[in-house]
Every structure is written in structure tokens, then in C-alpha cells.
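Student: What follows is a structure written as C-alpha cells; I'll ask about it next.
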Amino acid sequence: MAGELERCGTNCDDIGTHSMRKGAATYCSSGSTACPPAIAVHLRAGWALGGVQDRYLRHDSAGDMFVGRTVSGLPILDADFATLPPRFHGGREQVEIAKRIGFRQLPRSASLIGEFALASIVYHYEYLKENLPGNHPIFQSPLMRDEQMMQVLKGFIKFGPPNGDDNISATGIPPHVVLLSEFRSLKAAFEKQQVDQQNVVNEVVAGVRLALEDAVDIRNTPNSNQIATTVIDCLHREGYVRQRPDEDENYAPGVAPVATTVHQTSNNFSLYTWGGGFHAFPEDVALPEGTTEQAWVFWCCGDPARSLPPFRRLKSVDLREKKHKKRLSDLKFLMGLVEERASALNIDTRTLTTTEEAVEVFRRCEDVLEMPDETPNARKRRSNQLVWQTVTSIMRKRLKSVGHR
């Protein structure tokens, strides 16, 4: 206590009970916009209501302090409004030496003022050097020319909101700023608690994983990684899986690259996992719509927009609904007719990878699907506009009538 009073320019021998009582009353009622009522302070200090109002109780001081904080640029609606000015924390000997060098003949009663002025200069030292000319009078001070001492003092500078290590408290603070400061402290504590909890969870998960791995080693049972590796090895061995040319390409979760067909081609497609098994098509796959020519393009080239392989690879197990499986049977029947015709022309349809190639082959083979010129109702039939389902129905009836299939 005596050392702190000495730093403030006050001798402890000069303070008596009356001075302590006056100081306590002033501390309680000045520098605050939410201080106790004046009558309560008077009664607590044992004073009459008159005579001390302007000498010891200065309620207007809080307003002046509030204005000072406002004009200094502190945000009024933020907890940072209660920020304390730059101040020294530790380094008492170096600070006293700097005060004697920088402020010659400083009155003892102004010692604390000089300390805050020195702290502000040290805190803004770099800014002053950048924005003031080198011949400015402030740089003529021996203290400002001592770069080493300024760097030493800078290590003792403290700035920011008050905490338990400070011997001063913020004044001129409205009640709402105090609440904002408390909210900020609660938020910081809550976030720290969340981080600590997550760290505990990570440690528990890591410990459980390590224990399970140890148990697997002891029991000699395969884990999920070993099972996955075994499955991929089997797919590699059977020729279903090949490495993509682009190593940096990303895949969706649960998807691995596979070959387009049984024979090797330059295309790569994805292997999907759903329904407890591997599939060449996603769960929501739909059979192609449109004309027979359009269906043939899907049959040979797949759907590049969705990275789907040729639909000739589609199997009934890749479809969930029974009606879709029936339509797949119709599609295979119709495409089989075209493939038979292509085979008779010595065309290998498995090598068709582009839309142009597929269309060219179809137009060479479409005579096998020649439709009657008229419908049963004697209407003109536009064969090139028929959907493939209609063509399938007509072809089944025609072949049935001649004793085929």
C-alpha cells in the first residue's frame, strides 16, 4: 500500500482517518454514472447534508469522463468502451528512470500523470516515428532518442480492458457497458468450455479406437479398413476397378472408379454402394425415355451428364421397382434386335463410345425395326416419332406372329 501511494505522489504519513473517509466517499460517488445516492454516502460517511457536496462528492466528474472516452473514439455500444489507457505493468525501476529522463523537475504530486503520459508515448512510439518528421521537437528528448530504452519500456506496456492485475479501474462507464463486459466474459468462458469438451471427446474417441485396434490385434479379427482393402483388391483382380488418369479428381463418399465395360476402354465410371451391395448405377437411376434411336445412344454411350456407364450394363438388381425391371426387359429385347443386325454387318457395338458413332450404326441397322406405314386404325404412322416402348410392343407382336421369341 505504501509503495502504491508513493507511486501516486502521496506520502502515507499524510493520510489520516478523515482523509481515508473522504477518499472512500469520493471513490464511491465520483467517476461513476451509477453511483449510490448522495444521501446514502452522506450518512455512511457521517456528514451533514450540506457543506461537502462540491468538495468531496463530485457527481459531474463521471459525465466529464464519459465525454472524454467518447471523443477519444471508443465505441459507446461495445464492451471495449471500458478499455483502460496504455499503462505499465512491472518494470518499476526502468519506468522511474525513464520518468526522470523524460520529465525533468516533475512535481511529486504529478508523478502518476507523468507515468501515464510516458506509457502513452511508448505505446504510440512507432506511430509517432512514421507520421512525424524527424526534426519534430518530441524527438529531441533524450528519452525518445534512446531506442533501446524505448524497446525495454514497450515490453512493460499493457493495454486493454481491466483485469485482476490492475490497480486502477475504468471510470465514466455507463451501466450497460458493464453488462456488455460481463456478457463477453461469459461468452469467452462458454467457448473455452466448448473447446475443452471437444478436446475431451477427441481424446476419448482416440482412446477407444486405440483400444479396439489392440483388441483386433489380439483376437486376429479383421477391422473395417482391412475389409475395405480386401473388397477393393477383389474388384481390381476381376478387372472392375482401374485408376483414373486424373489423380487429383475428387469422388463422392462411397464411390470408387470402375471400368466402363468388361473389355478395357478409355472411359471410367463410378461404382455405387446402396442396398447392401455394389452397383454400376445409382439408386435413383431411371431408364431412358424417347425414341428408339435415343434409347440406343443411352444403351451404347450411357449418360455423360451424370457420368453413368452404357445402359447395356444395367441389370435388374440395379433397379428397385418391379415395373422398372419389366421395362428393362423390354429395352434389352429391343436393343438386342439392333445388336443382332449390327453383328450381321460385322459391327462390334461394344466399341461405340461417342454419340456420333452410335447414331451412325443405328441408322445402318434400323431397317430391322421397320414399322408398318399405317396403324390398325388406318392412320398414317410416323415411325421416326414412336417412343421405344411402342416399338418394342409392335416388334414383340410381329415376332410372335411368325413364331419367334
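By order in the C-alpha cells, chains are A, B, ...; within a chain, residues start at 1; ligands start at 1, following the order shown.
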As a ChimeraX atom specification, please: the residues near stretch 350-355 of chain A (cut-off 8 Å, only C-alpha atoms, same-chain neighbours under 4 positions excluded).
Tutor: /A:297,300-301,359
Student: Name the residues in contact with A:Met395 at a cut-off of 12 Å, using only C-alpha atoms, excluding same-chain residues fewer than 2 positions from it; report them as a list in words.
Tutor: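 Using only C-alpha atoms, the neighbours found are Asp330, Leu331, Phe333, Leu334, Met335, Gly336, Leu337, Val338, Val368, Leu369, Glu370, Met371, Pro372, Trp388, Gln389, Thr390, Val391, Thr392, Ser393, Lys397, Arg398, Leu399, Lys400, Ser401, Val402, His404 and Arg405 of chain A.
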Student: With C-alpha atoms retained, export the selected residues as a CSV table (one decimal), in the first residue's frame.
Tutor:
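part_28.csv, freshly written:
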```csv
chain,number,residue,atom,x,y,z
A,330,ASP,CA,-38.3,-54.6,-72.9
A,331,LEU,CA,-35.3,-52.4,-73.5
A,333,PHE,CA,-35.3,-57.1,-76.1
A,334,LEU,CA,-35.4,-54.1,-78.5
A,335,MET,CA,-31.7,-53.3,-78.2
A,336,GLY,CA,-30.9,-57.0,-78.8
A,337,LEU,CA,-32.6,-56.8,-82.2
A,338,VAL,CA,-30.4,-53.9,-83.2
A,368,VAL,CA,-34.6,-54.4,-88.6
A,369,LEU,CA,-37.2,-52.3,-86.8
A,370,GLU,CA,-39.2,-51.3,-89.9
A,371,MET,CA,-42.7,-50.3,-88.9
A,372,PRO,CA,-45.9,-50.7,-91.0
A,388,TRP,CA,-39.1,-47.1,-77.9
A,389,GLN,CA,-41.8,-48.7,-75.7
A,390,THR,CA,-44.3,-48.6,-78.6
A,391,VAL,CA,-41.7,-50.1,-81.0
A,392,THR,CA,-41.0,-52.9,-78.5
A,393,SER,CA,-44.7,-53.8,-78.3
A,397,LYS,CA,-46.3,-58.9,-81.6
A,398,ARG,CA,-44.7,-59.2,-85.1
A,399,LEU,CA,-42.1,-61.8,-83.9
A,400,LYS,CA,-44.8,-63.7,-82.0
A,401,SER,CA,-46.9,-63.9,-85.1
A,402,VAL,CA,-44.1,-65.5,-87.1
A,404,HIS,CA,-40.0,-66.2,-83.0
A,405,ARG,CA,-39.1,-65.3,-79.4
```
Student: Which one is closest to A:Asp165: A:Gly277, A:Gly114, A:Gly90, A:Gly207? Count only C-alpha atoms.
Tutor: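 Once distances to A:Asp165 are computed over only C-alpha atoms, the minimum belongs to A:Gly90.
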Student: Could you give me, as a PyMOL selection string, each residue of stretch 70-136 of chain A that DSSP assigns to strand (DSSP E or B) when run on this structure's backbone?
Tutor: chain A and resi 84-88
Student: One decimal, Å: what's the distance from atom CA of A:Ile227 over to atom CA of A:Arg209, could you say?
Tutor: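 Between atom CA of A:Ile227 and atom CA of A:Arg209 the gap works out to 16.6 Å.
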